[in-house]
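Engineer: Okay, here's the structure, questions in a sec.
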Amino acid sequence: MPRIRPTLVLVVLLSSARAWALDDFSTTRTTGMGEASRAYAVGNVGPALNPSGMSLVKNFQVLEGTYAYSYRLRAHTLHASMVDNTSNFGIAGGLYYNYRISDPPGFGKGRGHEAGLALSLPLVNRATLGGTVKYFSLSGSEAPGDQTGGVTFDAGLTVTVMPKLSLAVVGTNLRDLHNSNAPQGVGYGIALIPVPDLVIAADGWTVFTPSNTTGRKGTSVMVGGDLTIGGKVDVRLGGGYDAATLNGYGSAGLSLASDVGAIDAGIRQDIVVHAGSPRDTVLAVSLRLFIPGQQTTLQ
């Protein structure tokens, strides 16, 4: 194929409503699926959610830029990334950078920088392993208790049980920075592709770092689907439960793609609000540029 099909690019860059942590930034496309994509984190979503996903689809390069806004925290986030998997050995690499400025009511202004380098490689025919090294620089309300960041890392594993089914597990921020902008935890997921143009995913994420804004931690649950129509339009729906806010949310997304690039939009809205928790709306838009190559997938 001359480009990466949107269904195979189950990716995005959007901070989630889990207290809008800087490291929750996944992608606009994943946001439309309720943030569920750890078991099929191909392309630019790999460095954000599960680096081992970058080796699932071979022979591509993707450049992506994203802008996202959280109404509740008055937070603006900019993201840029590049992922390359043109190696004959299935080894993939990715670079990304996130910048956020926020002014949440009652907390004051804050800024955050995050940069990362990710690598992945096939272990055997049906398994891939990956890791991401990350650096955080945080200030103001983004660094409560003077926890201003530092270096940490993720490690992930994806197993393709059969061509239509994959499972994944990933450890996040394994060096504890004691800041929910880099929450320590473990994620796990399952992805099913019943037909070539449909992806269905479900994830869980157990976080051990209390939220900077709510003080809560626990296990969040996410589900979603991605349907490609005519090879150029993607429609996504999803939802989940957020352990940090105790809110339930819904999400939706849309992509319009050509042979050279795509524009993506996503929205996430708290629907069921826990007593005392604020309601949030998150909006994001991104642009992708495809550098095409012959596409193959691990079997």
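As shown in the structure tokens, the chain order sets the letters A, B, ...; within each chain, residues go from 1, and ligands are also counted from 1 in the order they appear.
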Find the residues of stretch 88-161 of chain A that sit at most 10 Å from stretch 51-75 of chain A; for each, write down the nearest two atoms and how far apart they are in Å, to one decimal. Count only C-alpha atoms. Sort by chain, then by number going up, and give it as CSV.
Structural biologist:
residue,atom,partner,partner_atom,distance
A:Asn88,CA,A:Asn59,CA,8.2
A:Phe89,CA,A:Lys58,CA,9.2
A:Gly90,CA,A:Ser55,CA,5.7
A:Ile91,CA,A:Ser55,CA,6.3
A:Ala92,CA,A:Ser55,CA,5.6
A:Gly93,CA,A:Met54,CA,7.4
A:Gly94,CA,A:Met54,CA,8.2
A:Leu95,CA,A:Leu63,CA,9.9
A:Tyr96,CA,A:Glu64,CA,9.3
A:Tyr97,CA,A:Gly65,CA,9.8
A:Asn98,CA,A:Thr66,CA,9.3
A:Tyr99,CA,A:Tyr67,CA,9.9
A:Arg100,CA,A:Ala75,CA,6.8
A:Ile101,CA,A:Ala75,CA,5.7
A:Ser102,CA,A:Ala75,CA,4.0
A:Asp103,CA,A:Arg74,CA,5.4
A:Pro104,CA,A:Leu73,CA,4.2
A:Pro105,CA,A:Leu73,CA,7.0
A:Gly106,CA,A:Leu73,CA,9.9
A:Phe107,CA,A:Leu73,CA,9.3
A:Gly108,CA,A:Leu73,CA,10.0
A:Lys109,CA,A:Ala75,CA,9.4
A:Gly110,CA,A:Ala75,CA,9.1
A:Arg111,CA,A:Ala75,CA,9.4
A:Leu117,CA,A:Pro51,CA,9.6
A:Ala118,CA,A:Pro51,CA,6.2
A:Leu119,CA,A:Pro51,CA,6.6
A:Ser120,CA,A:Ser52,CA,5.1
A:Leu121,CA,A:Ser55,CA,5.9
A:Pro122,CA,A:Ser55,CA,6.6
A:Arg126,CA,A:Leu56,CA,9.2
A:Ala127,CA,A:Ser52,CA,8.7
A:Thr128,CA,A:Ser52,CA,5.4
A:Leu129,CA,A:Ser52,CA,4.7
A:Gly130,CA,A:Ser52,CA,3.9
A:Gly131,CA,A:Pro51,CA,5.5
A:Thr132,CA,A:Pro51,CA,6.3
A:Asp154,CA,A:Pro51,CA,7.8
A:Ala155,CA,A:Pro51,CA,7.1
A:Gly156,CA,A:Ser52,CA,5.4
A:Leu157,CA,A:Ser52,CA,5.6
A:Thr158,CA,A:Ser52,CA,6.0
A:Val159,CA,A:Ser52,CA,9.4
A:Thr160,CA,A:Leu56,CA,8.8
Engineer: Need to verify the contact set: stretch 277-291 of chain A, 9 Å, only C-alpha atoms, exclusion of same-chain residues closer than 2 positions in sequence. Can you return it as a PyMOL selection string?
Structural biologist: chain A and resi 2-4+12-17+27-29+31+60-73+79+214+245-247+257+259-275+293
Engineer: Could you save the residues just selected, with N, CA and C atoms, as a compact mmCIF listing (two decimals), in the first residue's frame?
Structural biologist:
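Writing the result to result.txt gives the following:
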# COMPACT_ATOMS: atom_id res chain seq x y z
N PRO A 2 0.41 2.33 -0.61
CA PRO A 2 1.22 3.53 -0.66
C PRO A 2 1.18 4.35 0.61
N ARG A 3 0.30 3.98 1.56
CA ARG A 3 0.22 4.76 2.79
C ARG A 3 -0.21 3.87 3.93
N ILE A 4 -0.18 4.40 5.13
CA ILE A 4 -0.66 3.69 6.31
C ILE A 4 -2.15 3.90 6.41
N VAL A 12 -2.74 8.38 18.47
CA VAL A 12 -3.22 9.69 18.84
C VAL A 12 -2.28 10.40 19.78
N LEU A 13 -2.68 11.77 20.16
CA LEU A 13 -1.92 12.48 21.17
C LEU A 13 -2.83 13.43 21.92
N LEU A 14 -3.41 12.99 22.98
CA LEU A 14 -4.33 13.83 23.72
C LEU A 14 -4.24 13.52 25.20
N SER A 15 -4.10 14.54 26.01
CA SER A 15 -4.10 14.31 27.45
C SER A 15 -5.48 13.86 27.89
N SER A 16 -5.54 12.89 28.76
CA SER A 16 -6.82 12.34 29.17
C SER A 16 -7.35 13.10 30.37
N ALA A 17 -8.59 12.76 30.72
CA ALA A 17 -9.22 13.41 31.87
C ALA A 17 -8.71 12.86 33.19
N THR A 27 -2.95 10.05 21.98
CA THR A 27 -3.08 10.69 20.67
C THR A 27 -4.52 11.08 20.43
N THR A 28 -4.76 11.91 19.45
CA THR A 28 -6.13 12.32 19.12
C THR A 28 -6.96 11.11 18.72
N ARG A 29 -6.37 10.20 17.95
CA ARG A 29 -7.12 9.03 17.49
C ARG A 29 -7.45 8.08 18.65
N THR A 31 -7.87 8.98 21.70
CA THR A 31 -8.90 9.66 22.47
C THR A 31 -10.29 9.32 21.97
N PHE A 60 7.12 1.96 7.54
CA PHE A 60 6.44 3.23 7.49
C PHE A 60 7.21 4.27 8.29
N GLN A 61 6.91 5.51 7.99
CA GLN A 61 7.35 6.65 8.79
C GLN A 61 6.16 7.58 8.93
N VAL A 62 5.96 8.10 10.13
CA VAL A 62 4.85 9.01 10.39
C VAL A 62 5.36 10.20 11.18
N LEU A 63 5.02 11.39 10.72
CA LEU A 63 5.25 12.63 11.46
C LEU A 63 3.90 13.13 11.95
N GLU A 64 3.84 13.60 13.19
CA GLU A 64 2.55 14.05 13.73
C GLU A 64 2.73 15.26 14.61
N GLY A 65 1.76 16.17 14.52
CA GLY A 65 1.70 17.33 15.40
C GLY A 65 0.29 17.48 15.94
N THR A 66 0.15 17.85 17.22
CA THR A 66 -1.16 17.88 17.87
C THR A 66 -1.28 19.11 18.77
N TYR A 67 -2.50 19.64 18.83
CA TYR A 67 -2.88 20.65 19.81
C TYR A 67 -4.08 20.12 20.58
N ALA A 68 -4.07 20.22 21.91
CA ALA A 68 -5.18 19.77 22.74
C ALA A 68 -5.48 20.80 23.82
N TYR A 69 -6.73 20.84 24.25
CA TYR A 69 -7.15 21.80 25.27
C TYR A 69 -8.10 21.13 26.26
N SER A 70 -7.85 21.34 27.56
CA SER A 70 -8.74 20.88 28.63
C SER A 70 -9.45 22.09 29.23
N TYR A 71 -10.78 22.07 29.19
CA TYR A 71 -11.55 23.19 29.75
C TYR A 71 -11.40 23.25 31.26
N ARG A 72 -11.43 22.11 31.93
CA ARG A 72 -11.40 22.11 33.40
C ARG A 72 -10.11 22.70 33.94
N LEU A 73 -8.98 22.33 33.35
CA LEU A 73 -7.69 22.79 33.86
C LEU A 73 -7.12 23.96 33.07
N HIS A 79 2.13 18.85 20.94
CA HIS A 79 2.86 17.60 20.82
C HIS A 79 3.45 17.47 19.41
N THR A 214 -6.57 15.31 42.58
CA THR A 214 -7.64 14.66 43.34
C THR A 214 -7.12 13.80 44.48
N THR A 245 -10.67 10.56 38.95
CA THR A 245 -11.80 11.46 39.20
C THR A 245 -13.07 10.72 39.60
N LEU A 246 -13.09 9.39 39.40
CA LEU A 246 -14.27 8.55 39.63
C LEU A 246 -15.39 8.88 38.67
N ASN A 247 -15.08 9.55 37.56
CA ASN A 247 -16.06 9.91 36.55
C ASN A 247 -16.11 8.88 35.43
N ALA A 257 -8.27 11.09 5.63
CA ALA A 257 -6.92 10.73 5.21
C ALA A 257 -6.78 10.76 3.69
N ASP A 259 -3.34 9.94 0.58
CA ASP A 259 -2.13 9.14 0.44
C ASP A 259 -0.93 9.76 1.14
N VAL A 260 -0.98 11.06 1.42
CA VAL A 260 0.20 11.72 1.99
C VAL A 260 0.02 12.17 3.44
N GLY A 261 -1.21 12.21 3.92
CA GLY A 261 -1.40 12.69 5.28
C GLY A 261 -2.84 12.57 5.73
N ALA A 262 -3.10 13.07 6.95
CA ALA A 262 -4.44 12.99 7.52
C ALA A 262 -4.63 14.09 8.54
N ILE A 263 -5.89 14.46 8.75
CA ILE A 263 -6.27 15.36 9.82
C ILE A 263 -7.20 14.59 10.75
N ASP A 264 -6.95 14.72 12.05
CA ASP A 264 -7.70 13.97 13.05
C ASP A 264 -8.30 14.94 14.07
N ALA A 265 -9.50 14.62 14.53
CA ALA A 265 -10.14 15.40 15.58
C ALA A 265 -10.72 14.43 16.61
N GLY A 266 -10.68 14.83 17.88
CA GLY A 266 -11.22 13.98 18.93
C GLY A 266 -11.80 14.80 20.06
N ILE A 267 -12.78 14.22 20.75
CA ILE A 267 -13.39 14.86 21.91
C ILE A 267 -13.60 13.81 22.99
N ARG A 268 -13.38 14.22 24.22
CA ARG A 268 -13.65 13.37 25.38
C ARG A 268 -14.46 14.19 26.37
N GLN A 269 -15.58 13.62 26.82
CA GLN A 269 -16.51 14.35 27.68
C GLN A 269 -16.91 13.50 28.88
N ASP A 270 -16.71 14.04 30.09
CA ASP A 270 -17.22 13.38 31.28
C ASP A 270 -18.75 13.40 31.23
N ILE A 271 -19.34 12.22 31.45
CA ILE A 271 -20.80 12.08 31.39
C ILE A 271 -21.38 11.79 32.76
N VAL A 272 -20.86 10.78 33.45
CA VAL A 272 -21.28 10.45 34.80
C VAL A 272 -20.26 11.03 35.76
N VAL A 273 -20.67 12.03 36.55
CA VAL A 273 -19.74 12.79 37.38
C VAL A 273 -19.93 12.40 38.84
N HIS A 274 -18.84 12.01 39.48
CA HIS A 274 -18.85 11.65 40.90
C HIS A 274 -19.03 12.91 41.74
N ALA A 275 -19.74 12.78 42.85
CA ALA A 275 -19.97 13.92 43.73
C ALA A 275 -18.64 14.52 44.17
N GLY A 293 5.67 3.38 2.43
CA GLY A 293 6.50 2.23 2.07
C GLY A 293 5.60 1.03 1.96
Engineer: Tell me which of A:Val161, A:Ile193, A:Phe208, A:Ala202 sits closest to A:Asp176, counting only C-alpha atoms.
Structural biologist: A:Phe208
Engineer: Skipping near chain neighbours, those fewer than 3 positions away, what residues fall within 7 Å of A:Ser180 using only C-alpha atoms, listed as an mmCIF file with N, CA and C atoms, in the first residue's frame?
Structural biologist:
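Contents of the output file selection19.cif:
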data_model
loop_
_atom_site.group_PDB
_atom_site.id
_atom_site.type_symbol
_atom_site.label_atom_id
_atom_site.label_comp_id
_atom_site.auth_asym_id
_atom_site.auth_seq_id
_atom_site.Cartn_x
_atom_site.Cartn_y
_atom_site.Cartn_z
ATOM 1 N N ALA A 21 -2.918 14.641 33.280
ATOM 2 C CA ALA A 21 -1.487 14.473 33.518
ATOM 3 C C ALA A 21 -0.731 14.565 32.205
ATOM 4 N N PRO A 183 2.832 9.161 36.045
ATOM 5 C CA PRO A 183 2.295 8.194 37.005
ATOM 6 C C PRO A 183 2.911 6.810 36.848
ATOM 7 N N THR A 209 0.475 6.058 41.620
ATOM 8 C CA THR A 209 0.808 7.423 42.026
ATOM 9 C C THR A 209 -0.464 8.238 42.216
ATOM 10 N N PRO A 210 -0.730 8.792 43.385
ATOM 11 C CA PRO A 210 -1.935 9.596 43.575
ATOM 12 C C PRO A 210 -1.958 10.812 42.649
ATOM 13 N N SER A 211 -3.135 11.152 42.182
ATOM 14 C CA SER A 211 -3.293 12.316 41.313
ATOM 15 C C SER A 211 -2.893 13.596 42.028
ATOM 16 N N ASN A 212 -2.206 14.477 41.329
ATOM 17 C CA ASN A 212 -1.821 15.775 41.892
ATOM 18 C C ASN A 212 -3.025 16.607 42.294
#
Engineer: May I have the residues within 8 Å of A:Ala39 as a list in words, using only C-alpha atoms and disregarding those fewer than 3 positions away in the same chain?
Structural biologist: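 Non-adjacent residues within range: Asn50, Gly53, Thr158, Ser166, Leu167, Ala168, Val169, Tyr188, Gly189, Ile190, Ala191, Ala201 and Asp203 of chain A.
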Engineer: Quote the spacing between atom CA of A:His178 and atom CA of A:Val151 in Å to one decimal place.
Structural biologist: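 Computing it gives 11.9 Å between the two atoms.
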Engineer: Find the residues near A:Asp226: any atom within 8 Å, counting only C-alpha atoms, skip ones fewer than 2 places away on the same chain, and give them as a ChimeraX atom specification.
Structural biologist: /A:7,10,33,197-200,224,228,234-237
Engineer: Would you save the residues of that selection, restricted to N, CA and C atoms, as a short mmCIF file (atom, residue, chain, number, x, y, z; two decimals), in the first residue's frame?
Structural biologist:
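The file below, again26.cif, is the result:
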data_model
loop_
_atom_site.label_atom_id
_atom_site.label_comp_id
_atom_site.auth_asym_id
_atom_site.auth_seq_id
_atom_site.Cartn_x
_atom_site.Cartn_y
_atom_site.Cartn_z
N THR A 7 -7.06 2.60 9.92
CA THR A 7 -7.38 1.55 10.88
C THR A 7 -6.12 0.98 11.49
N LEU A 10 -3.71 2.96 14.78
CA LEU A 10 -4.57 3.10 15.97
C LEU A 10 -3.80 3.93 16.97
N MET A 33 -11.25 6.65 20.80
CA MET A 33 -11.55 5.28 21.20
C MET A 33 -11.57 5.11 22.71
N ASP A 197 -11.33 -3.59 8.38
CA ASP A 197 -11.58 -2.17 8.59
C ASP A 197 -12.15 -1.84 9.96
N LEU A 198 -12.08 -2.78 10.90
CA LEU A 198 -12.64 -2.53 12.22
C LEU A 198 -11.67 -3.02 13.30
N VAL A 199 -11.37 -2.13 14.26
CA VAL A 199 -10.56 -2.47 15.42
C VAL A 199 -11.41 -2.25 16.67
N ILE A 200 -11.44 -3.25 17.55
CA ILE A 200 -12.12 -3.14 18.84
C ILE A 200 -11.08 -3.38 19.93
N GLY A 224 -13.18 0.90 23.23
CA GLY A 224 -13.46 1.72 22.06
C GLY A 224 -13.37 0.93 20.78
N THR A 228 -13.04 2.06 9.63
CA THR A 228 -12.61 2.75 8.42
C THR A 228 -13.67 2.61 7.35
N ASP A 234 -12.18 7.67 8.94
CA ASP A 234 -12.24 6.85 10.15
C ASP A 234 -13.22 7.47 11.13
N VAL A 235 -14.06 6.61 11.71
CA VAL A 235 -15.00 7.03 12.75
C VAL A 235 -14.69 6.22 14.00
N ARG A 236 -14.62 6.89 15.15
CA ARG A 236 -14.26 6.23 16.40
C ARG A 236 -15.25 6.59 17.50
N LEU A 237 -15.51 5.62 18.36
CA LEU A 237 -16.35 5.82 19.54
C LEU A 237 -15.71 5.06 20.70
#
